[in-house]
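Notes follow the structure.
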Amino acid sequence: MKKQSKKTDTPADTEHGLLLSGAHLESDTGSDQVVEEYQRELSSSAPQPVSVDLSDVGSLSASGISILLGLQKTCTSAKRTLTLNGVSDHLYDFFETFTLTDTFTIRKVNA
Amino acid sequence: MSLNDKHLLNELVVESKEHLTAIEPDLLALEKSEDIPKETINRIFRAVHSIKGGFSFFGLKNIKELSHSMENVMMRLRDGELTVNPAIIDALFGSLDKLRVLIDDTANSDNISISEEISALTQFKSGQSSLSSATTESPDNTGESKTKTSLKDLQLPHEMLVKIAKEGNFIYLVKLSSHKDLHSANHSLQQFTETVQSYGSIIKGRIEHDNITGLEDCLLADVVFIFVIASVLEPDLFQPVIEVNPDKITAFSKETIRYHLQVTTMKQEKESGPAPSDTISATVSEKTNESTETIRVKVPLLNSLVNLAGELVLSRNQLLERIKNTDEAGLKNILTDIDMVTSELQENIMSTRMQPLGSIFGKFPRLIRDLSKSLGKQVDLMLRGENVELDKSIIEALADPLTHLLRNSVDHGIEKPEIRQKIGKPTAGSIQLSAYHEGGQVNIEIKDDGKGIDCERVKKNAVEKGIISTEDAERLTDQEVFELIFEPGFSTAETVTDVSGRGVGMDVVKTNIESLAGNIDINSEQGRGTTIILRLPLTLAIVPALIISCEQRRFAIPQISLDELVRLHAYEASHRIEKIQNKDVLRLRDKLLPLIRLTDILNITPTFIHPKTGKRMVDKRRALSDRRQADRNDSKERRQSSQSAINIVVLKVGTNQYGLIVDRMIDSEEIVVKPLSSYMKNCKCYSGATIMGDGHVALILDATGIAESANLRFNELAEEKQRQSDQFNRQSIKESQSFLLFGSRKNEQMALNLSLVSRIETITPDIIETVGTKEYIKHGNATMRIIRPEKYMPIRKQKTENNKLYVIIPKLLKQPIGIITTSIIDVIDSSTDLDTTHITGTGILGSIIINDKLVLIVDIYSLFEKAEPDVYKINLEDKSLTGKRILLAEDTSFFRTLETSYFESMGCVVESVINGKEALGRLEKDSFDMVVTDLIMPEMNGFELTRLIKENPGMMHIPVLALATHIDNASTEKCGKAGVDAFEAKLDKESILKTMQSIFSTSSVRS
């Protein structure tokens, strides 16, 4: 059984807030558009919690990881919380191998 | 240097020596190989690299520099920039030898010149390419790696490293930049991880993302993905598979991982006491391709364990002796357990000292290469039996004698190529060095196809050197001439060279082998080659021995020196013991055996117990055959008395035998050999001492030393032997058989051919266990079925005497069954004809008359077939022998009857004759499917018969099966030369019939 990140104990943080799609994080192509879209959504929304839906994402591209890391840093500066939702076991293993489970708040797909 | 560093350095020296040993055969293979065997080059490369890395850590620059130069040459060979040639191999061998010198003397290594080796290697160095496609991290992390990351920096958990080492994986650190390695190279991270996972596993990762400050620059900033990967792929395969620039990969070799584990384990031990056993066992040996767990243990510790095991065995024996007659319930079971555990413990401890002979065989290919090169000869060395194991002390002591014998083979034996070509031999001579188990000992054979020993030259040389007289020389047999080679100062080499001719060596070889409780034999045929056989015990610490007594003192005789035991009734002494040159000799199976009385050698006054008074009296007889007062009334009684019987232990010294007369043969035991005290070192009759079950010390007799003390000159018997031999050949030969007599003294007596008996065990009825209707005993670590003959044979029940039973364990059988008897009566020789007509039945081969008494000869094959039909029933459905016409040439009536019964049982039609001449006559008149022949027969022996058959175009197609009572190397070789198709032991019915079936099936396939 995989260990859950401690931060997943606070699911209420993501119940209301900005929900971003993670659909294009699997590929390196079109990354610029994703960044622009995220920036737009963030600036137009209230300072509320942010979550990215990764339920349809099987793997992350190098650009996808960079975008999530950039998003995490932007949210931290803006004192907004970021949660990665619907993370598959396979993807969770990847985060764990690269010790990203301490960087992100992760909710697994079956959580 | 700290204590810890010293310890590490010692470890490194041991490990590096193993690497050097492993490199040598690979270099030889490289020299012989026509293409470039990449794996061989890689193995050499890795071994040299490990040496370099290890010693760099200690700042030993000469070792580092020399190994680095060797690496460069290996790398160029691997990359195809150089091709293998003798100059490169010579330079590499030269460097290897120098590395050995440096590693043997690490403290002084930087003062030893390596310039010659370096310059020899440097000539192949120009155009040097990079060390490896993937940068390989050396164990010390000091030298050549292009990245400073060490295995320690990866902070991998110890358990994970243990697992990786156990699985034989390499560790790779791969750093990928998101811009340069992924986006620009059109590589996706997913693709990369999937590829890695099909060839290994990502065990750790990290992403360096400090450059990213937020969403604004996340795609502009370079992110570095760091992967730690475990994979079985070697560096040169890993890089092309993952398709990443080599600069991005750091490889950690298996040696580095092992080294790291050793260091961390030692640190843990230092900090928190000894590490748990599972941590220690993590050290992984790469001696073989299998991953086996090993630990290095200091030899003194093993020696101490062996000694303690020996002491435990002695204490166990004493305990068993002391309370063997106890009736206390439960105690016997505990004793049995202690007995078993002690035996197993002792066996296991002894096995820790066992080493494969490959550890010394491995150095000989190089020796032969260098030697043959310097002598201008071509020699192929074939090694067999490298996995045969011997005690470490024996292995170490064998290195010099074997080296000497091999050097002799190349120097004296193998001819120069031009001579070999002229006499029709292949230009390259061959030397076979093989090891194999035989009869609880290990034989090492050195066989060459060179010019063989010139007996005339040896004799002339021995006479010139005053070793023998001219008269002696004329009398000597070939075998005795070969023995002269072992005389001190003997050499036939025409010139004194570095290799041979100094007249020292073979006597030292013999002395060394005998000091290991072994012996040495030579067989040679001029023009065909020489075979030298060393026979050695498995271990020197605990050996099987016969315990005998002489004048109430007990002695042990190692079984390796024993040939047989003979018991003569006093009344037989006068006609079987004769005087030749005023010395007692025993006529044993048409041979003359010199006799020595142990009392004479040890200077003990012989005594005997008077059968009537029971008093011990001084034995005043001057000779064994001196039977005084033969007309006295009580003489017959005295001579029948078992007290008056003469017990003779037949001992072997090289190819000679002599009989040692002792009072009693007590038992056979595994004895723990203890060295003699310095006061007794000069007593050459003893080779050591042991402690018996009752706590008394028994001295171990040395067969060679006793023969020397008795001044026994075997060649003095040569003339008489020759005379006997002539007589033997002139007469019709009556081949006598040795029989074990057993059964009831009053009722039926049975006999079994002694060649069929493996051993006799004494048991008490209470250890017999019954399962269903069958009875079993524990034999060694296994269970053995035992049978009572009266259950299957038409004889009366044997009555148990003294609550004691004997189990006769036969040999030459796939699954021996023990035969129970109430008494063992005697071992006798008989050449009486076998009567197969009057007494017949299951388990009865026939009957003979021995000492005026009717004795049934047991047919174990039919007895066992009745008792255990599933195992012993011969497959009668196989009709391949049915109707075959067999011509049997056998002069001994007993065997003629026996062998005829074998063949007839399979449906063969048998015609028998009594010598080779008659057989040839029958073959000229009639047709036969096979000739089965005895080897020793009057008129014409089996060798001559076979030779004539195989030379005759009309008969040469007939297969010839030779049978002999004993199979030895000399007979096997003679049979091969004569053209015999197969050679079997006369009493091994199963093998004989199988061989016949196989011969017929092969010939039917051919036809």
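Every chain in the structure tokens has a letter given in the order shown (A, B, ...), and although residue numbers restart at 1 in each chain, ligands are simply numbered from 1 in the order shown.
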
(request) For chain A, list the residues within 10 Å of chain B, counting only C-alpha atoms, and write the list as a ChimeraX atom specification. (result) /A:26-29,31-32,35-36,38-39,58-77,94-100

(message) Just want the 12 Å neighbourhood of stretch 81-93 of chain B, counted on only C-alpha atoms, with same-chain residues fewer than 5 positions away dropped. Output as a PyMOL selection string.
(response) chain B and resi 20-21+23-38+41+44-45+48+66-76+98-100+116-129+366-367+369-370+373

(message) DSSP on the backbone, helix (DSSP H, G or I) only: what residues of stretch 24-97 of chain A does that give? Format it as an MDAnalysis selection string.
(response) chainID A and resid 24:26 31:44 62:77 89:97

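If only C-alpha atoms are the atoms counted, then among A:Val52, A:Pro47, A:Thr101, A:Val109 the closest residue to A:Leu84 is A:Val52.
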
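Atom CA of B:Gly772 to atom CA of B:Ile817 spans 16.6 Å [interatomic distance, one decimal].
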
(request) Pull the strand (DSSP E) assignments for chain A out of DSSP run on the backbone, and list those residues as a ChimeraX atom specification. (result) /A:18-21,50-53,82-87,105-108

(message) Quick one: residues within 9 Å of B:Asp400, only C-alpha atoms, excluding same-chain residues fewer than 4 positions away - as a PyMOL selection string?
(response) chain B and resi 396+404-405+509+512

(request) Rank nothing, just name the residue among B:Asn303, B:Ser738, B:Asn108, B:Ser430 nearest to B:Ser755, using only C-alpha atoms. (result) B:Ser738

(message) My list of candidates is B:Thr106, B:Val932, B:Leu312, B:Leu390. Which is closest to B:Leu345 when distances are computed with only C-alpha atoms?
(response) B:Leu312

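The spacing separating atom CA of B:Ser912 from atom CA of B:Thr900 amounts to 8.0 Å.
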
(request) Using atom CA of B:Asp449 and atom CA of B:Asn523 as the two end points, give the distance in Å to one decimal. (result) 12.0 Å

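Every protein, DNA or RNA residue with an atom at most 12 Å from B:Thr470, where only C-alpha atoms count and chain neighbours fewer than 4 positions away do not, is listed here: Glu456, Lys459, Lys460, Asn461, Ala462, Val463, Glu464, Lys465, Gly466, Glu474, Arg475 and Leu476 of chain B.
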
Neighbouring residues of B:Leu845 were defined as those with any atom within 9 Å, considering only C-alpha atoms; residues of the same chain fewer than 5 positions away were excluded. Please report them as a PDB file with C-alpha atoms, in the first residue's frame.
```pdb
ATOM      1  CA  LEU B 834      32.251 -74.198  -9.283  1.00  0.00           C
ATOM      2  CA  ASP B 835      29.655 -76.954  -9.195  1.00  0.00           C
ATOM      3  CA  THR B 836      26.412 -75.628 -10.654  1.00  0.00           C
ATOM      4  CA  ILE B 839      22.744 -77.394  -5.476  1.00  0.00           C
ATOM      5  CA  THR B 840      20.547 -74.831  -7.183  1.00  0.00           C
ATOM      6  CA  LEU B 856      27.214 -72.123  -1.280  1.00  0.00           C
ATOM      7  CA  ILE B 857      28.347 -69.332  -3.576  1.00  0.00           C
ATOM      8  CA  VAL B 858      25.808 -66.537  -3.341  1.00  0.00           C
ATOM      9  CA  ASP B 859      24.420 -65.020  -6.518  1.00  0.00           C
ATOM     10  CA  ILE B 860      23.533 -61.552  -5.262  1.00  0.00           C
ATOM     11  CA  SER B 862      19.194 -63.324  -8.306  1.00  0.00           C
ATOM     12  CA  THR B 897      30.184 -70.810 -15.351  1.00  0.00           C
ATOM     13  CA  LEU B 898      29.292 -67.418 -13.937  1.00  0.00           C
ATOM     14  CA  SER B 901      24.892 -67.855 -16.739  1.00  0.00           C
TER      15      SER B 901
END
```
